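Right, one structure below, let's go through it.
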Amino acid sequence: MSAPRLIAVIGGTGAQGIPIVRDLVKSGDYTVRALTRTPSSARFRKLQSFGPVEPVIGTFASEQDLRATFHGAWGAFVNLDGFNSGEKTEMFWTIRAYELAIEEGVQFFVLGNLDYGYKKGGYRPEFRGGHYDGKGRIGQWILSQNKDNQSRMKAALFTTGPYLEMVISQNTPMSPSVEDGVVTWRFPVGDGAMTYVALDDCGPYVKWLFDHPELSNGLDLEVAIDHIRGAELARAFEKVTGHPVRFVDVSLDEYFGKGFGLDPSGPAGYNADLNDPATLTIRENFSGFWNLFRHSGGNKGVLQRNYKLMDEIHPNRIRSAEEFFRLEEQKGLRKGLGTLWERVQPENIKDILKITEDNRSGRL
Ligand SMILES: NC(=O)c1ccc[n+]([C@@H]2O[C@H](COP(=O)([O-])OP(=O)(O)OC[C@H]3O[C@@H](n4cnc5c(N)ncnc54)[C@H](OP(=O)(O)O)[C@@H]3O)[C@@H](O)[C@H]2O)c1
């Protein structure tokens, strides 16, 4: 048996990073070194409860800290938090992360990516969303660099979408409210569909990328549970919980006008500067985000997925909102958190994102 390979992770304590680190280290095939600003956090301790995870204390906005993170690692999983940096800064530091990973001898680089929505939408301004384009644009740059650099470091993209966990969590762009006893989602997806992902599926996908470099090199693995419409989300939740649920489509004006916890005129990125003309506002950023999904119903629109490929790579993947909610119901009961219905009540509902748990920026 060969020794476990070391994977350097950026974003390890995040909603996405935790299940990825968990599945890598629990397999025994990998150990992890994770960059974090605060190794004393409960989330970092959680990572260490899974197995061998060493901290590098620092920030992704530092060459020295990136070098220390990548030095001697076989692989890297990099998910820079664009809601910290904003789009422009995220792009610069993702490029530097890729370059410094090569410099430090990393052999396989996986970018935690999002769809390049502006390009996929035909470069139409209504599809411009900084937290999607900031990743997707650099994702394409990495795949093109990889053609020249793959003899030294191979690379793949792991392209996700909104975590379905966000619809049962607080302080997200799609949190539920309870109105006259009815769990209600109000968001502007129209008759489009969301390419939600299940966080528990992220680990197996990313592990597969590292396990099979000969197949995954140069791949953009775009994942989703399914293209899920608002009404379908509500139907699935009602079926699993047995309680009345509704989805209400709202206009962008209504969405940003009331009940959106963040100031829509604030910067998309808590360290981004609104005086910089490159910075999008929260409203600009999330208008592009919602428009992508409004135009993606039925796997025929702007955002498409190859479900057959996902079935081959991860045969046990979650395939529907109903399956996701059933698993969540069982998980909650097993952990003593109550039923799913109880968990979304205002007195019980929890954060899923570290950024809101840490109160870094109200609501995202
Ligand atoms: N929300 C979604 O549905 C979704 C879906 C796909 C992709 N994304 C993207 O994922 C990214 C955020 O990750 P997440 O969803 O896991 O959010 P999260 O739960 O809020 O976690 C944020 C992560 O970023 C790390 N981080 C933030 N600033 C850092 C810095 N300066 N240096 C080093 N690490 C830093 C945090 O680490 P420490 O606090 O430990 O330092 C933490 O691990 C964003 O770019 C977002 O666009 C989000």
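We label chains A, B, ... in the order they appear in the structure tokens, count residues from 1 in each chain, and number ligands from 1 in the order shown.
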Segment 295-306 of chain A surroundings by only C-alpha atoms, 6 Å radius, close-in-sequence under 6 positions cut, as a list in words: Lys120, Gly121, Gly192 and Ala193 of chain A
Near Ile7 of chain A, within 9 Å and counting only C-alpha atoms, which residues show up once chain neighbours fewer than 4 positions away are dropped, as number ranges by chain? A: 24, 30-34, 70, 73-77, 106
Interatomic distance between atom CA of Phe247 of chain A and atom CA of Val178 of chain A? 11.6 Å
Among segment 138-358 of chain A, which residues does DSSP mark as helix (DSSP H, G or I) when it is run on the backbone? Keep the chain and numbering as in the structure and answer as a ChimeraX atom specification. /A:138-149,164-168,199-211,213-216,230-241,252-257,282-294,297-299,307-313,321-334,340-343,354-357
Selection: 8 Å around Tyr270 of chain A, only C-alpha atoms, excl. self and same-chain fewer than 4 positions, as a PDB file with C-alpha atoms, in the first residue's frame:
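Everything below was put into result_4.pdb:
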ATOM      1  CA  PHE A  83     -17.498  36.845  -1.222  1.00  0.00           C
ATOM      2  CA  ASN A  84     -14.453  37.950   0.760  1.00  0.00           C
ATOM      3  CA  SER A  85     -12.317  39.350  -2.062  1.00  0.00           C
ATOM      4  CA  GLY A  86     -14.777  40.356  -4.772  1.00  0.00           C
ATOM      5  CA  ARG A 360     -18.521  38.666   8.340  1.00  0.00           C
ATOM      6  CA  SER A 361     -21.218  40.033   6.082  1.00  0.00           C
TER       7      SER A 361
END
For atom CA of Gly269 of chain A and atom CA of Gly82 of chain A, the interatomic separation in Å (one decimal): 6.3 Å
Select the residues contacting ligand 1 at a distance of at most 7 Å, based on only C-alpha atoms and all ligand atoms, then format the selection as JSON, numbers by chain. {"A": [10, 11, 12, 13, 14, 15, 16, 17, 35, 36, 37, 38, 39, 44, 58, 59, 60, 61, 79, 80, 81, 82, 83, 84, 113, 114, 131, 132, 160, 161, 162, 163, 166, 352, 353, 354, 355, 356]}
Got a sec to tell me which of segment 79-254 of chain A DSSP assigns to strand (DSSP E or B), as a ChimeraX atom specification? /A:108-113,154-159,163,177-179,182-187,194,197,220-222,228,245-249
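Closest approach to Thr281 of chain A among A:Asp263, A:Glu104, A:Glu99, A:Glu329: A:Asp263, based on only C-alpha atoms.
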Nearby residues (only C-alpha atoms) at most 7 Å from Pro267 of chain A, same-chain spacing under 3 positions excluded, as a PyMOL selection string: chain A and resi 270+272-274+279-282
Restrict the selected residues to N, CA and C atoms and save them as an mmCIF file, in the first residue's frame.
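The file below, selection_6.cif, is the result:
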data_model
loop_
_atom_site.group_PDB
_atom_site.id
_atom_site.type_symbol
_atom_site.label_atom_id
_atom_site.label_comp_id
_atom_site.auth_asym_id
_atom_site.auth_seq_id
_atom_site.Cartn_x
_atom_site.Cartn_y
_atom_site.Cartn_z
ATOM 1 N N TYR A 270 -16.829 41.301 0.972
ATOM 2 C CA TYR A 270 -16.731 42.231 2.108
ATOM 3 C C TYR A 270 -15.409 42.985 2.147
ATOM 4 N N ALA A 272 -14.156 43.973 -0.884
ATOM 5 C CA ALA A 272 -14.126 44.683 -2.176
ATOM 6 C C ALA A 272 -14.525 46.137 -1.949
ATOM 7 N N ASP A 273 -13.995 46.999 -2.816
ATOM 8 C CA ASP A 273 -14.166 48.444 -2.639
ATOM 9 C C ASP A 273 -15.138 48.982 -3.685
ATOM 10 N N LEU A 274 -16.241 49.554 -3.224
ATOM 11 C CA LEU A 274 -17.234 50.082 -4.166
ATOM 12 C C LEU A 274 -16.713 51.273 -4.968
ATOM 13 N N THR A 279 -15.881 46.762 -9.077
ATOM 14 C CA THR A 279 -16.668 46.060 -8.054
ATOM 15 C C THR A 279 -18.156 46.077 -8.384
ATOM 16 N N LEU A 280 -18.768 44.918 -8.388
ATOM 17 C CA LEU A 280 -20.218 44.828 -8.572
ATOM 18 C C LEU A 280 -20.903 45.034 -7.231
ATOM 19 N N THR A 281 -22.105 45.586 -7.272
ATOM 20 C CA THR A 281 -22.908 45.623 -6.048
ATOM 21 C C THR A 281 -23.525 44.242 -5.832
ATOM 22 N N ILE A 282 -24.027 44.046 -4.643
ATOM 23 C CA ILE A 282 -24.731 42.798 -4.327
ATOM 24 C C ILE A 282 -25.875 42.595 -5.308
#
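If only C-alpha atoms are the atoms counted, then among A:Ser251, A:Ser2, A:Ser177, A:Thr241 the closest residue to Arg326 of chain A is A:Thr241.
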Selection near Met174 of chain A, 7 Å with only C-alpha atoms, sequence-local residues under 5 positions removed, as a VMD selection string: chain A and resid 166 to 167 185 187
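The smallest atom-to-atom distance between Arg186 of chain A and any of A:Val245, A:Ala155, A:Leu333, A:Leu219, using only C-alpha atoms, is found for A:Val245.
Note that atom CA of Ser41 of chain A and atom CA of Lys331 of chain A are 23.5 Å apart.
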Close residues, Phe324 of chain A itself excluded, 10 Å, only C-alpha atoms, min 6 positions apart in chain, as a PDB file with C-alpha atoms, in the first residue's frame:
ATOM      1  CA  LEU A 164     -29.242  22.687  -1.786  1.00  0.00           C
ATOM      2  CA  GLU A 165     -28.474  22.871   1.942  1.00  0.00           C
ATOM      3  CA  VAL A 197     -25.552  20.484  -5.628  1.00  0.00           C
ATOM      4  CA  ALA A 198     -25.551  18.363  -2.475  1.00  0.00           C
ATOM      5  CA  ASP A 200     -22.248  15.348   0.594  1.00  0.00           C
ATOM      6  CA  ILE A 225     -28.318  17.025  -8.375  1.00  0.00           C
ATOM      7  CA  ALA A 236     -40.453  17.431  -2.609  1.00  0.00           C
ATOM      8  CA  PHE A 237     -40.241  19.147   0.787  1.00  0.00           C
ATOM      9  CA  VAL A 240     -40.978  14.329   2.844  1.00  0.00           C
ATOM     10  CA  ARG A 317     -25.049  10.446  -6.204  1.00  0.00           C
ATOM     11  CA  ILE A 318     -28.210  12.235  -5.028  1.00  0.00           C
TER      12      ILE A 318
END
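Candidate residues A:Met310, A:Ile18, A:Ala321, A:Leu215 were compared for distance to Ile228 of chain A, and the nearest is A:Ala321, using only C-alpha atoms.
Restricting the calculation to only C-alpha atoms, the smallest distance between Glu126 of chain A and any of A:Ile349, A:Val53, A:Leu100, A:Leu292 is found for A:Leu292.
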